[in-house]
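Next comes work.cif, with mmCIF, C-alpha atoms and all ligand atoms.
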data_target
#
loop_
_atom_site.group_PDB
_atom_site.id
_atom_site.type_symbol
_atom_site.label_atom_id
_atom_site.label_comp_id
_atom_site.auth_asym_id
_atom_site.auth_seq_id
_atom_site.Cartn_x
_atom_site.Cartn_y
_atom_site.Cartn_z
ATOM 1 C CA MET A 1 -79.063 -53.370 -56.180
ATOM 2 C CA LEU A 2 -79.345 -51.385 -52.950
ATOM 3 C CA LEU A 3 -75.782 -50.042 -52.960
ATOM 4 C CA LYS A 4 -73.537 -49.618 -55.966
ATOM 5 C CA VAL A 5 -70.012 -48.240 -55.740
ATOM 6 C CA ARG A 6 -68.029 -47.496 -58.892
ATOM 7 C CA GLY A 7 -64.389 -46.504 -59.229
ATOM 8 C CA LEU A 8 -64.299 -45.098 -55.723
ATOM 9 C CA SER A 9 -60.920 -43.650 -54.748
ATOM 10 C CA LYS A 10 -59.511 -41.575 -51.937
ATOM 11 C CA SER A 11 -56.035 -40.203 -51.516
ATOM 12 C CA PHE A 12 -54.775 -38.411 -48.428
ATOM 13 C CA ASP A 13 -51.823 -36.159 -49.292
ATOM 14 C CA GLY A 14 -50.593 -38.550 -51.943
ATOM 15 C CA LEU A 15 -51.343 -41.705 -49.956
ATOM 16 C CA GLN A 16 -53.814 -43.806 -51.943
ATOM 17 C CA ALA A 17 -56.069 -45.181 -49.177
ATOM 18 C CA VAL A 18 -58.754 -46.538 -51.538
ATOM 19 C CA SER A 19 -58.253 -47.009 -55.258
ATOM 20 C CA GLY A 20 -60.835 -47.659 -57.917
ATOM 21 C CA VAL A 21 -63.149 -49.839 -55.851
ATOM 22 C CA ASP A 22 -66.260 -51.364 -57.468
ATOM 23 C CA PHE A 23 -68.716 -52.839 -55.024
ATOM 24 C CA ASP A 24 -72.330 -54.062 -55.230
ATOM 25 C CA LEU A 25 -74.535 -54.847 -52.268
ATOM 26 C CA PRO A 26 -77.925 -56.436 -53.001
ATOM 27 C CA GLN A 27 -80.945 -55.819 -50.780
ATOM 28 C CA GLY A 28 -81.153 -58.132 -47.774
ATOM 29 C CA GLU A 29 -77.567 -59.367 -47.855
ATOM 30 C CA VAL A 30 -75.179 -59.574 -44.916
ATOM 31 C CA ARG A 31 -71.797 -58.557 -46.300
ATOM 32 C CA ALA A 32 -68.550 -58.613 -44.398
ATOM 33 C CA LEU A 33 -65.766 -56.229 -45.404
ATOM 34 C CA ILE A 34 -62.418 -57.547 -44.279
ATOM 35 C CA GLY A 35 -58.754 -56.773 -44.926
ATOM 36 C CA PRO A 36 -55.460 -56.254 -43.118
ATOM 37 C CA ASN A 37 -54.892 -53.162 -40.969
ATOM 38 C CA GLY A 38 -54.680 -50.037 -43.094
ATOM 39 C CA ALA A 39 -56.325 -51.725 -46.106
ATOM 40 C CA GLY A 40 -58.788 -48.842 -46.448
ATOM 41 C CA LYS A 41 -61.954 -50.359 -44.950
ATOM 42 C CA THR A 42 -62.880 -47.408 -42.746
ATOM 43 C CA THR A 43 -62.099 -44.972 -45.556
ATOM 44 C CA LEU A 44 -64.294 -46.920 -48.014
ATOM 45 C CA VAL A 45 -67.194 -47.074 -45.563
ATOM 46 C CA GLY A 46 -66.684 -43.389 -44.724
ATOM 47 C CA MET A 47 -67.209 -42.547 -48.393
ATOM 48 C CA ILE A 48 -70.299 -44.775 -48.577
ATOM 49 C CA CYS A 49 -71.954 -43.029 -45.639
ATOM 50 C CA GLY A 50 -70.813 -39.524 -46.565
ATOM 51 C CA ARG A 51 -68.268 -38.746 -43.867
ATOM 52 C CA ILE A 52 -65.359 -38.706 -46.304
ATOM 53 C CA ALA A 53 -65.459 -37.018 -49.720
ATOM 54 C CA PRO A 54 -64.077 -39.272 -52.453
ATOM 55 C CA THR A 55 -61.265 -38.130 -54.745
ATOM 56 C CA SER A 56 -63.160 -39.830 -57.593
ATOM 57 C CA GLY A 57 -65.873 -42.383 -58.244
ATOM 58 C CA THR A 58 -69.578 -42.696 -57.474
ATOM 59 C CA VAL A 59 -71.897 -44.101 -54.800
ATOM 60 C CA THR A 60 -75.437 -45.048 -55.814
ATOM 61 C CA PHE A 61 -78.062 -45.925 -53.199
ATOM 62 C CA ASP A 62 -81.346 -47.426 -54.342
ATOM 63 C CA GLY A 63 -80.751 -46.137 -57.866
ATOM 64 C CA GLU A 64 -79.920 -42.578 -56.815
ATOM 65 C CA ASP A 65 -76.458 -41.055 -57.184
ATOM 66 C CA ILE A 66 -75.664 -39.882 -53.644
ATOM 67 C CA THR A 67 -71.952 -39.214 -54.149
ATOM 68 C CA ARG A 68 -72.351 -35.567 -53.191
ATOM 69 C CA LEU A 69 -75.078 -35.949 -50.588
ATOM 70 C CA PRO A 70 -74.042 -34.981 -47.026
ATOM 71 C CA ALA A 71 -74.078 -37.722 -44.359
ATOM 72 C CA HIS A 72 -77.219 -36.486 -42.560
ATOM 73 C CA LYS A 73 -79.213 -36.661 -45.789
ATOM 74 C CA ARG A 74 -77.996 -40.216 -46.375
ATOM 75 C CA ILE A 75 -79.307 -41.114 -42.917
ATOM 76 C CA LEU A 76 -82.739 -39.830 -43.958
ATOM 77 C CA LYS A 77 -82.561 -42.103 -46.989
ATOM 78 C CA GLY A 78 -82.091 -45.097 -44.711
ATOM 79 C CA MET A 79 -78.362 -45.493 -44.106
ATOM 80 C CA ALA A 80 -77.270 -46.015 -40.536
ATOM 81 C CA TYR A 81 -73.578 -46.024 -39.706
ATOM 82 C CA THR A 82 -73.884 -46.962 -36.072
ATOM 83 C CA PHE A 83 -70.567 -46.095 -34.558
ATOM 84 C CA GLN A 84 -70.261 -42.682 -36.113
ATOM 85 C CA ILE A 85 -73.721 -41.166 -36.332
ATOM 86 C CA THR A 86 -74.830 -42.202 -32.896
ATOM 87 C CA SER A 87 -72.985 -41.169 -29.827
ATOM 88 C CA ILE A 88 -74.160 -42.275 -26.443
ATOM 89 C CA PHE A 89 -75.340 -39.712 -23.892
ATOM 90 C CA PRO A 90 -73.781 -41.203 -20.739
ATOM 91 C CA ARG A 91 -75.983 -39.376 -18.229
ATOM 92 C CA LEU A 92 -79.238 -40.426 -19.868
ATOM 93 C CA PRO A 93 -80.878 -43.799 -19.278
ATOM 94 C CA VAL A 94 -80.272 -46.490 -21.872
ATOM 95 C CA GLN A 95 -83.902 -46.410 -22.970
ATOM 96 C CA GLU A 96 -83.796 -42.607 -23.428
ATOM 97 C CA ASN A 97 -80.698 -42.902 -25.636
ATOM 98 C CA VAL A 98 -82.569 -45.264 -27.944
ATOM 99 C CA ALA A 99 -85.714 -43.109 -27.805
ATOM 100 C CA LEU A 100 -83.677 -40.096 -28.972
ATOM 101 C CA ALA A 101 -82.506 -42.061 -32.000
ATOM 102 C CA ALA A 102 -86.076 -43.307 -32.625
ATOM 103 C CA ARG A 103 -87.372 -39.709 -32.732
ATOM 104 C CA ARG A 104 -85.548 -39.244 -36.019
ATOM 105 C CA ARG A 105 -88.451 -41.116 -37.609
ATOM 106 C CA LEU A 106 -91.230 -41.603 -35.015
ATOM 107 C CA GLN A 107 -93.368 -39.563 -32.620
ATOM 108 C CA GLY A 108 -95.445 -40.113 -29.489
ATOM 109 C CA ARG A 109 -96.041 -43.581 -28.100
ATOM 110 C CA ALA A 110 -94.479 -45.300 -31.074
ATOM 111 C CA VAL A 111 -91.106 -44.010 -29.852
ATOM 112 C CA GLU A 112 -91.198 -45.980 -26.608
ATOM 113 C CA ALA A 113 -92.452 -49.133 -28.260
ATOM 114 C CA ALA A 114 -89.728 -49.000 -30.909
ATOM 115 C CA ALA A 115 -87.059 -48.290 -28.280
ATOM 116 C CA ALA A 116 -88.194 -51.233 -26.156
ATOM 117 C CA GLU A 117 -88.184 -53.506 -29.187
ATOM 118 C CA ALA A 118 -84.665 -52.447 -30.246
ATOM 119 C CA LEU A 119 -83.364 -52.940 -26.701
ATOM 120 C CA GLY A 120 -84.942 -56.395 -26.626
ATOM 121 C CA ARG A 121 -83.243 -57.315 -29.884
ATOM 122 C CA VAL A 122 -79.773 -56.485 -28.604
ATOM 123 C CA GLY A 123 -80.459 -58.061 -25.209
ATOM 124 C CA LEU A 124 -80.383 -54.880 -23.112
ATOM 125 C CA LYS A 125 -83.928 -54.819 -21.801
ATOM 126 C CA ALA A 126 -82.806 -55.388 -18.210
ATOM 127 C CA GLN A 127 -80.502 -52.341 -18.456
ATOM 128 C CA ALA A 128 -83.158 -49.977 -19.874
ATOM 129 C CA ASP A 129 -83.250 -47.698 -16.816
ATOM 130 C CA GLU A 130 -79.540 -47.573 -16.098
ATOM 131 C CA ASP A 131 -77.517 -44.553 -17.100
ATOM 132 C CA ALA A 132 -75.807 -45.402 -20.395
ATOM 133 C CA GLY A 133 -72.461 -44.313 -18.967
ATOM 134 C CA ASN A 134 -72.653 -47.056 -16.336
ATOM 135 C CA LEU A 135 -72.886 -49.865 -18.899
ATOM 136 C CA SER A 136 -69.880 -52.052 -19.611
ATOM 137 C CA TYR A 137 -67.983 -51.250 -22.818
ATOM 138 C CA GLY A 138 -69.552 -54.261 -24.554
ATOM 139 C CA HIS A 139 -73.044 -53.209 -23.541
ATOM 140 C CA GLN A 140 -72.391 -49.658 -24.767
ATOM 141 C CA ARG A 141 -71.535 -51.077 -28.182
ATOM 142 C CA LEU A 142 -74.756 -53.100 -28.164
ATOM 143 C CA LEU A 143 -76.602 -49.921 -27.197
ATOM 144 C CA GLU A 144 -75.102 -48.198 -30.236
ATOM 145 C CA ILE A 145 -76.438 -51.021 -32.409
ATOM 146 C CA ALA A 146 -79.890 -50.607 -30.828
ATOM 147 C CA MET A 147 -79.691 -46.880 -31.639
ATOM 148 C CA GLY A 148 -78.966 -47.789 -35.261
ATOM 149 C CA LEU A 149 -81.659 -50.467 -35.429
ATOM 150 C CA VAL A 150 -84.408 -48.294 -33.990
ATOM 151 C CA GLN A 151 -84.095 -46.070 -37.050
ATOM 152 C CA ALA A 152 -85.224 -49.047 -39.163
ATOM 153 C CA PRO A 153 -82.347 -48.516 -41.596
ATOM 154 C CA ARG A 154 -82.377 -49.994 -45.074
ATOM 155 C CA LEU A 155 -78.600 -50.329 -44.829
ATOM 156 C CA LEU A 156 -76.941 -50.853 -41.483
ATOM 157 C CA ILE A 157 -73.187 -50.316 -41.486
ATOM 158 C CA LEU A 158 -71.317 -51.680 -38.487
ATOM 159 C CA ASP A 159 -67.646 -50.805 -38.020
ATOM 160 C CA GLU A 160 -65.941 -53.489 -35.936
ATOM 161 C CA PRO A 161 -68.991 -54.151 -33.751
ATOM 162 C CA THR A 162 -67.449 -57.060 -31.826
ATOM 163 C CA GLN A 163 -64.257 -55.240 -30.866
ATOM 164 C CA GLY A 164 -64.019 -55.315 -27.081
ATOM 165 C CA LEU A 165 -67.007 -57.625 -26.603
ATOM 166 C CA SER A 166 -66.818 -60.666 -24.327
ATOM 167 C CA GLU A 167 -67.312 -64.185 -25.723
ATOM 168 C CA GLY A 168 -70.898 -64.224 -24.481
ATOM 169 C CA GLU A 169 -71.625 -60.831 -26.028
ATOM 170 C CA ILE A 170 -70.127 -61.992 -29.338
ATOM 171 C CA GLU A 171 -72.470 -65.004 -29.318
ATOM 172 C CA ALA A 172 -75.413 -62.659 -28.724
ATOM 173 C CA PHE A 173 -74.191 -60.376 -31.517
ATOM 174 C CA LYS A 174 -73.992 -63.274 -34.000
ATOM 175 C CA ALA A 175 -77.538 -64.322 -33.105
ATOM 176 C CA LEU A 176 -78.695 -60.738 -33.622
ATOM 177 C CA ILE A 177 -77.154 -60.530 -37.103
ATOM 178 C CA ARG A 178 -78.718 -63.845 -38.062
ATOM 179 C CA ALA A 179 -82.095 -62.567 -36.845
ATOM 180 C CA LEU A 180 -81.713 -59.371 -38.894
ATOM 181 C CA ALA A 181 -80.554 -61.192 -42.037
ATOM 182 C CA GLY A 182 -83.057 -60.866 -44.856
ATOM 183 C CA GLU A 183 -84.764 -57.983 -43.079
ATOM 184 C CA THR A 184 -82.040 -55.355 -43.204
ATOM 185 C CA THR A 185 -79.064 -55.118 -45.515
ATOM 186 C CA ILE A 186 -75.905 -55.171 -43.424
ATOM 187 C CA LEU A 187 -72.340 -54.134 -44.172
ATOM 188 C CA LEU A 188 -70.020 -55.306 -41.456
ATOM 189 C CA ILE A 189 -66.370 -54.365 -41.040
ATOM 190 C CA GLU A 190 -65.098 -57.218 -38.928
ATOM 191 C CA HIS A 191 -61.727 -58.538 -37.815
ATOM 192 C CA ASN A 192 -63.062 -61.594 -35.987
ATOM 193 C CA MET A 193 -63.014 -64.312 -38.662
ATOM 194 C CA LYS A 194 -65.310 -66.588 -36.675
ATOM 195 C CA VAL A 195 -67.952 -63.871 -36.680
ATOM 196 C CA VAL A 196 -67.439 -63.352 -40.429
ATOM 197 C CA MET A 197 -67.683 -67.069 -41.201
ATOM 198 C CA GLU A 198 -70.840 -67.474 -39.149
ATOM 199 C CA THR A 199 -72.797 -64.360 -40.119
ATOM 200 C CA ALA A 200 -71.868 -63.159 -43.615
ATOM 201 C CA ASP A 201 -73.553 -64.253 -46.839
ATOM 202 C CA THR A 202 -70.671 -62.794 -48.823
ATOM 203 C CA VAL A 203 -67.252 -61.414 -47.976
ATOM 204 C CA SER A 204 -65.353 -58.612 -49.734
ATOM 205 C CA VAL A 205 -61.619 -58.368 -49.114
ATOM 206 C CA LEU A 206 -59.797 -55.073 -49.364
ATOM 207 C CA ASN A 207 -56.003 -54.998 -49.591
ATOM 208 C CA PHE A 208 -53.846 -51.884 -50.150
ATOM 209 C CA GLY A 209 -56.998 -49.959 -51.060
ATOM 210 C CA GLU A 210 -58.065 -52.380 -53.784
ATOM 211 C CA MET A 211 -60.764 -55.040 -53.863
ATOM 212 C CA LEU A 212 -58.740 -58.252 -53.732
ATOM 213 C CA ALA A 213 -61.496 -60.878 -53.681
ATOM 214 C CA GLU A 214 -65.206 -61.440 -53.189
ATOM 215 C CA GLY A 215 -67.019 -64.675 -52.408
ATOM 216 C CA THR A 216 -68.746 -66.827 -49.855
ATOM 217 C CA PRO A 217 -67.036 -67.094 -46.461
ATOM 218 C CA GLN A 218 -65.807 -70.561 -47.461
ATOM 219 C CA GLN A 219 -64.375 -69.348 -50.790
ATOM 220 C CA ILE A 220 -62.617 -66.457 -49.068
ATOM 221 C CA HIS A 221 -61.267 -68.763 -46.373
ATOM 222 C CA GLU A 222 -59.689 -70.958 -49.054
ATOM 223 C CA ASN A 223 -58.490 -68.117 -51.314
ATOM 224 C CA ALA A 224 -54.693 -68.166 -51.660
ATOM 225 C CA ASP A 225 -54.443 -64.412 -52.458
ATOM 226 C CA VAL A 226 -56.386 -63.609 -49.297
ATOM 227 C CA GLN A 227 -54.220 -65.873 -47.185
ATOM 228 C CA ALA A 228 -51.088 -64.224 -48.630
ATOM 229 C CA ALA A 229 -52.450 -60.723 -47.909
ATOM 230 C CA TYR A 230 -52.981 -61.572 -44.251
ATOM 231 C CA LEU A 231 -49.629 -63.342 -43.893
ATOM 232 C CA GLY A 232 -47.916 -60.336 -45.452
ATOM 233 C CA THR A 233 -48.996 -58.088 -42.614
ATOM 234 C CA GLY A 234 -48.353 -60.598 -39.842
HETATM 235 N N1 LIG A 301 -57.594 -38.735 -42.432
HETATM 236 C C1 LIG A 301 -56.523 -39.388 -42.899
HETATM 237 N N2 LIG A 301 -55.396 -38.705 -43.248
HETATM 238 C C2 LIG A 301 -54.329 -39.361 -43.738
HETATM 239 N N3 LIG A 301 -54.246 -40.687 -43.917
HETATM 240 C C3 LIG A 301 -55.328 -41.414 -43.580
HETATM 241 C C4 LIG A 301 -56.515 -40.821 -43.058
HETATM 242 N N4 LIG A 301 -57.422 -41.800 -42.819
HETATM 243 C C5 LIG A 301 -56.820 -42.962 -43.176
HETATM 244 N N5 LIG A 301 -55.567 -42.735 -43.640
HETATM 245 C C6 LIG A 301 -54.646 -43.759 -44.158
HETATM 246 O O1 LIG A 301 -55.340 -44.477 -45.168
HETATM 247 C C7 LIG A 301 -55.020 -45.870 -45.111
HETATM 248 C C8 LIG A 301 -56.300 -46.672 -44.928
HETATM 249 O O2 LIG A 301 -56.815 -46.442 -43.628
HETATM 250 P P1 LIG A 301 -58.183 -47.051 -43.100
HETATM 251 O O3 LIG A 301 -58.384 -46.569 -41.720
HETATM 252 O O4 LIG A 301 -59.252 -46.799 -44.094
HETATM 253 O O5 LIG A 301 -57.844 -48.616 -43.084
HETATM 254 P P2 LIG A 301 -58.605 -49.801 -42.346
HETATM 255 O O6 LIG A 301 -58.635 -50.914 -43.312
HETATM 256 O O7 LIG A 301 -59.905 -49.306 -41.832
HETATM 257 O O8 LIG A 301 -57.625 -50.140 -41.160
HETATM 258 P P3 LIG A 301 -57.920 -50.753 -39.691
HETATM 259 O O9 LIG A 301 -58.335 -52.165 -39.909
HETATM 260 O O10 LIG A 301 -56.577 -50.642 -39.048
HETATM 261 O O11 LIG A 301 -58.975 -49.895 -39.066
HETATM 262 C C9 LIG A 301 -54.023 -46.029 -43.963
HETATM 263 O O12 LIG A 301 -52.730 -46.015 -44.517
HETATM 264 C C10 LIG A 301 -54.279 -44.803 -43.125
HETATM 265 O O13 LIG A 301 -53.106 -44.434 -42.422
#
Would you mind writing the file's structure down as structure tokens?
Amino acid sequence: MLLKVRGLSKSFDGLQAVSGVDFDLPQGEVRALIGPNGAGKTTLVGMICGRIAPTSGTVTFDGEDITRLPAHKRILKGMAYTFQITSIFPRLPVQENVALAARRRLQGRAVEAAAAEALGRVGLKAQADEDAGNLSYGHQRLLEIAMGLVQAPRLLILDEPTQGLSEGEIEAFKALIRALAGETTILLIEHNMKVVMETADTVSVLNFGEMLAEGTPQQIHENADVQAAYLGTG
């Protein structure tokens, strides 16, 4: 098991954001984490990648207890949390942004080759020389994914990657996830159910900080408890 979460809880001033979550993510799986607004998804993922200290519980990555390891050390172990660890440098070219991320693990010519490959994968090759700040919002999000990918992570965590993307960009994103499936383990917080249904191997549903259900996209789609949880919040 690549990632193992046991009894993970977080309270903020008495508000129980995540309570007693158990969660297993096998190597190579694409897992979607869904749930109504405020269910605790970002808090759970924050504890997995080390940005948020849990109130109790453990996180094990590749057999090692990393519960107390700071975020930057988790990155070195192969966790990439794209939208938090990478921030775009708007005045640098797109390619240079990706090269900076690549230098966490590579040197010399390998940096440029890896950056070009990552840009190709997210469909931004034509924008390589533009300043990152001039990209559309959707393209900036794809750039962030390229900056995660270029680090060759063992676990890639994407927090609402399709938010703000156009229909065409969402199609490209789905194709990218399918291409990465089996190669990289992916944990995807996603509100767009079409994206979830078409990319995830398995879906975990969080509701009021607790794991409500886990199953294939089809099972989750048909699950009465899940339907009720979403209806309850409008
Ligand atoms: N730093 C914080 N301080 C206090 N309360 C917080 C903090 N972070 C999150 N919360 C609360 O914890 C609960 C879970 O929030 P979280 O952001 O994890 O949910 P979410 O499922 O990611 O929601 P969304 O889908 O809206 O992003 C919410 O009630 C939120 O208000």
Subject >> Contacts to ligand LIG 301 (chain A) at 8 Å cut-off (all atoms listed in the file) as JSON, numbers by chain >> reply: {"A": [11, 12, 13, 15, 16, 17, 18, 34, 35, 36, 37, 38, 39, 40, 41, 42, 43, 44, 191, 206, 207, 208, 209]}
I'd like the contact shell of Ile220 in chain A - 12 Å cut-off, only C-alpha atoms, skipping same-chain residues fewer than 3 positions apart - returned as a compact mmCIF listing (two decimals) with C-alpha atoms, in the frame of the given file.
# COMPACT_ATOMS: atom_id res chain seq x y z
CA ALA A 32 -68.55 -58.61 -44.40
CA LEU A 33 -65.77 -56.23 -45.40
CA ILE A 34 -62.42 -57.55 -44.28
CA GLY A 35 -58.75 -56.77 -44.93
CA MET A 193 -63.01 -64.31 -38.66
CA VAL A 196 -67.44 -63.35 -40.43
CA MET A 197 -67.68 -67.07 -41.20
CA ALA A 200 -71.87 -63.16 -43.62
CA ASP A 201 -73.55 -64.25 -46.84
CA THR A 202 -70.67 -62.79 -48.82
CA VAL A 203 -67.25 -61.41 -47.98
CA SER A 204 -65.35 -58.61 -49.73
CA VAL A 205 -61.62 -58.37 -49.11
CA LEU A 206 -59.80 -55.07 -49.36
CA LEU A 212 -58.74 -58.25 -53.73
CA ALA A 213 -61.50 -60.88 -53.68
CA GLU A 214 -65.21 -61.44 -53.19
CA GLY A 215 -67.02 -64.68 -52.41
CA THR A 216 -68.75 -66.83 -49.86
CA PRO A 217 -67.04 -67.09 -46.46
CA ASN A 223 -58.49 -68.12 -51.31
CA ALA A 224 -54.69 -68.17 -51.66
CA ASP A 225 -54.44 -64.41 -52.46
CA VAL A 226 -56.39 -63.61 -49.30
CA GLN A 227 -54.22 -65.87 -47.18
CA ALA A 228 -51.09 -64.22 -48.63
CA ALA A 229 -52.45 -60.72 -47.91
CA TYR A 230 -52.98 -61.57 -44.25
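Closest approach to Val21 in chain A from the set A:Cys49, A:Leu176, A:Val59, A:Leu143 is made by A:Val59, with distances taken over all atoms listed in the file.
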Original post:
In Å, with one decimal, what is the gap from CA of Met79 in chain A to CA of Tyr137 in chain A?
Top reply: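 So the two atoms, CA of Met79 in chain A and CA of Tyr137 in chain A, lie 24.4 Å apart.
One finds CA of Glu198 in chain A at 19.7 Å from CA of Arg141 in chain A.
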Original post:
When the PyMOL selection byres (((chain A and resi 113) around 12) and not hetatm) is applied to the file above, which residues end up in the set, as a PyMOL selection string?
Top reply: chain A and resi 95-96+98-99+102-103+106-112+114-120+150
Subject >> Atomic distance CA of Ile52 in chain A - CA of Val195 in chain A, expressed in Å with one decimal >> reply: 27.1 Å
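For Pro54 in chain A, the residues within 9 Å (counting all atoms listed in the file, excluding itself and residues fewer than 4 positions away along the chain) are Leu8, Ser9, Lys10, Ser11, Leu44, Met47, Gly50, Thr58 and Thr67 of chain A.
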Subject >> Proximity to Leu188 in chain A - best of A:Ala128, A:Gly46, A:Val30, A:Phe89, all atoms listed in the file >> reply: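 Between A:Ala128, A:Gly46, A:Val30, A:Phe89, the residue approaching Leu188 in chain A most closely is A:Val30.
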So which residues touch Asp24 in chain A within 8 Å, counting all atoms listed in the file, skipping near sequence neighbours fewer than 2 positions away, as an mmCIF file with C-alpha atoms, in the frame of the given file?
data_model
loop_
_atom_site.group_PDB
_atom_site.id
_atom_site.type_symbol
_atom_site.label_atom_id
_atom_site.label_comp_id
_atom_site.auth_asym_id
_atom_site.auth_seq_id
_atom_site.Cartn_x
_atom_site.Cartn_y
_atom_site.Cartn_z
ATOM 1 C CA MET A 1 -79.063 -53.370 -56.180
ATOM 2 C CA LEU A 2 -79.345 -51.385 -52.950
ATOM 3 C CA LEU A 3 -75.782 -50.042 -52.960
ATOM 4 C CA LYS A 4 -73.537 -49.618 -55.966
ATOM 5 C CA VAL A 5 -70.012 -48.240 -55.740
ATOM 6 C CA ASP A 22 -66.260 -51.364 -57.468
ATOM 7 C CA PRO A 26 -77.925 -56.436 -53.001
#
Original post:
Applied to the shown file, which residues does the PyMOL selection byres (((chain A and resi 161-174) around 10) and not hetatm) return, written as a PyMOL selection string?
Top reply: chain A and resi 82-83+121-123+136-142+144-145+157-160+175-180+188-192+194-196+198-200
**OP:** Take the PyMOL selection byres (((chain A and resi 132) around 8) and not hetatm), apply it to the structure above, and return the hits as a PyMOL selection string.
**Re:** chain A and resi 88-94+97+130-131+133-135+140
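If only C-alpha atoms are the atoms counted, then among A:Gln219, A:Ala181, A:Leu76, A:Met211 the closest residue to Gln151 in chain A is A:Leu76.
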Please write out, as lines of an AutoDock Vina configuration file, where the centre of an axis-aligned box around all listed atoms of range 144-162 of chain A lies and how long its edges are, in Å to one decimal, after adding 8 Å on each side.
center_x = -75.6
center_y = -51.6
center_z = -37.7
size_x = 35.3
size_y = 27.0
size_z = 30.8
Missing atoms in range 143-161 of chain A: can you complete it with N, CA and C atoms, as a JSON list (two decimals), in the coordinates of the input?
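This is the output file selection-v2.json:
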[["chain", "number", "residue", "atom", "x", "y", "z"],
["A", 143, "LEU", "N", -75.68, -51.06, -27.23],
["A", 143, "LEU", "CA", -76.60, -49.92, -27.20],
["A", 143, "LEU", "C", -76.50, -49.12, -28.49],
["A", 144, "GLU", "N", -75.27, -48.93, -28.97],
["A", 144, "GLU", "CA", -75.10, -48.20, -30.24],
["A", 144, "GLU", "C", -75.81, -48.93, -31.38],
["A", 145, "ILE", "N", -75.74, -50.26, -31.36],
["A", 145, "ILE", "CA", -76.44, -51.02, -32.41],
["A", 145, "ILE", "C", -77.95, -50.83, -32.27],
["A", 146, "ALA", "N", -78.44, -50.84, -31.04],
["A", 146, "ALA", "CA", -79.89, -50.61, -30.83],
["A", 146, "ALA", "C", -80.28, -49.23, -31.35],
["A", 147, "MET", "N", -79.40, -48.23, -31.15],
["A", 147, "MET", "CA", -79.69, -46.88, -31.64],
["A", 147, "MET", "C", -79.69, -46.83, -33.16],
["A", 148, "GLY", "N", -78.92, -47.69, -33.80],
["A", 148, "GLY", "CA", -78.97, -47.79, -35.26],
["A", 148, "GLY", "C", -80.23, -48.51, -35.71],
["A", 149, "LEU", "N", -80.52, -49.64, -35.04],
["A", 149, "LEU", "CA", -81.66, -50.47, -35.43],
["A", 149, "LEU", "C", -82.99, -49.76, -35.31],
["A", 150, "VAL", "N", -83.12, -48.92, -34.27],
["A", 150, "VAL", "CA", -84.41, -48.29, -33.99],
["A", 150, "VAL", "C", -84.79, -47.32, -35.11],
["A", 151, "GLN", "N", -83.81, -46.95, -35.92],
["A", 151, "GLN", "CA", -84.10, -46.07, -37.05],
["A", 151, "GLN", "C", -84.58, -46.86, -38.26],
["A", 152, "ALA", "N", -84.75, -48.17, -38.09],
["A", 152, "ALA", "CA", -85.22, -49.05, -39.16],
["A", 152, "ALA", "C", -84.47, -48.78, -40.46],
["A", 153, "PRO", "N", -83.13, -48.87, -40.41],
["A", 153, "PRO", "CA", -82.35, -48.52, -41.60],
["A", 153, "PRO", "C", -82.52, -49.53, -42.72],
["A", 154, "ARG", "N", -82.37, -49.07, -43.93],
["A", 154, "ARG", "CA", -82.38, -49.99, -45.07],
["A", 154, "ARG", "C", -80.99, -50.60, -45.23],
["A", 155, "LEU", "N", -79.98, -49.82, -44.82],
["A", 155, "LEU", "CA", -78.60, -50.33, -44.83],
["A", 155, "LEU", "C", -77.98, -50.00, -43.48],
["A", 156, "LEU", "N", -77.56, -51.03, -42.80],
["A", 156, "LEU", "CA", -76.94, -50.85, -41.48],
["A", 156, "LEU", "C", -75.45, -51.15, -41.63],
["A", 157, "ILE", "N", -74.63, -50.14, -41.36],
["A", 157, "ILE", "CA", -73.19, -50.32, -41.49],
["A", 157, "ILE", "C", -72.59, -50.38, -40.09],
["A", 158, "LEU", "N", -71.89, -51.47, -39.82],
["A", 158, "LEU", "CA", -71.32, -51.68, -38.49],
["A", 158, "LEU", "C", -69.80, -51.74, -38.61],
["A", 159, "ASP", "N", -69.11, -50.85, -37.94],
["A", 159, "ASP", "CA", -67.65, -50.80, -38.02],
["A", 159, "ASP", "C", -67.05, -51.49, -36.79],
["A", 160, "GLU", "N", -66.55, -52.68, -37.00],
["A", 160, "GLU", "CA", -65.94, -53.49, -35.94],
["A", 160, "GLU", "C", -66.82, -53.61, -34.68],
["A", 161, "PRO", "N", -68.05, -54.10, -34.87],
["A", 161, "PRO", "CA", -68.99, -54.15, -33.75],
["A", 161, "PRO", "C", -68.59, -55.09, -32.62]]
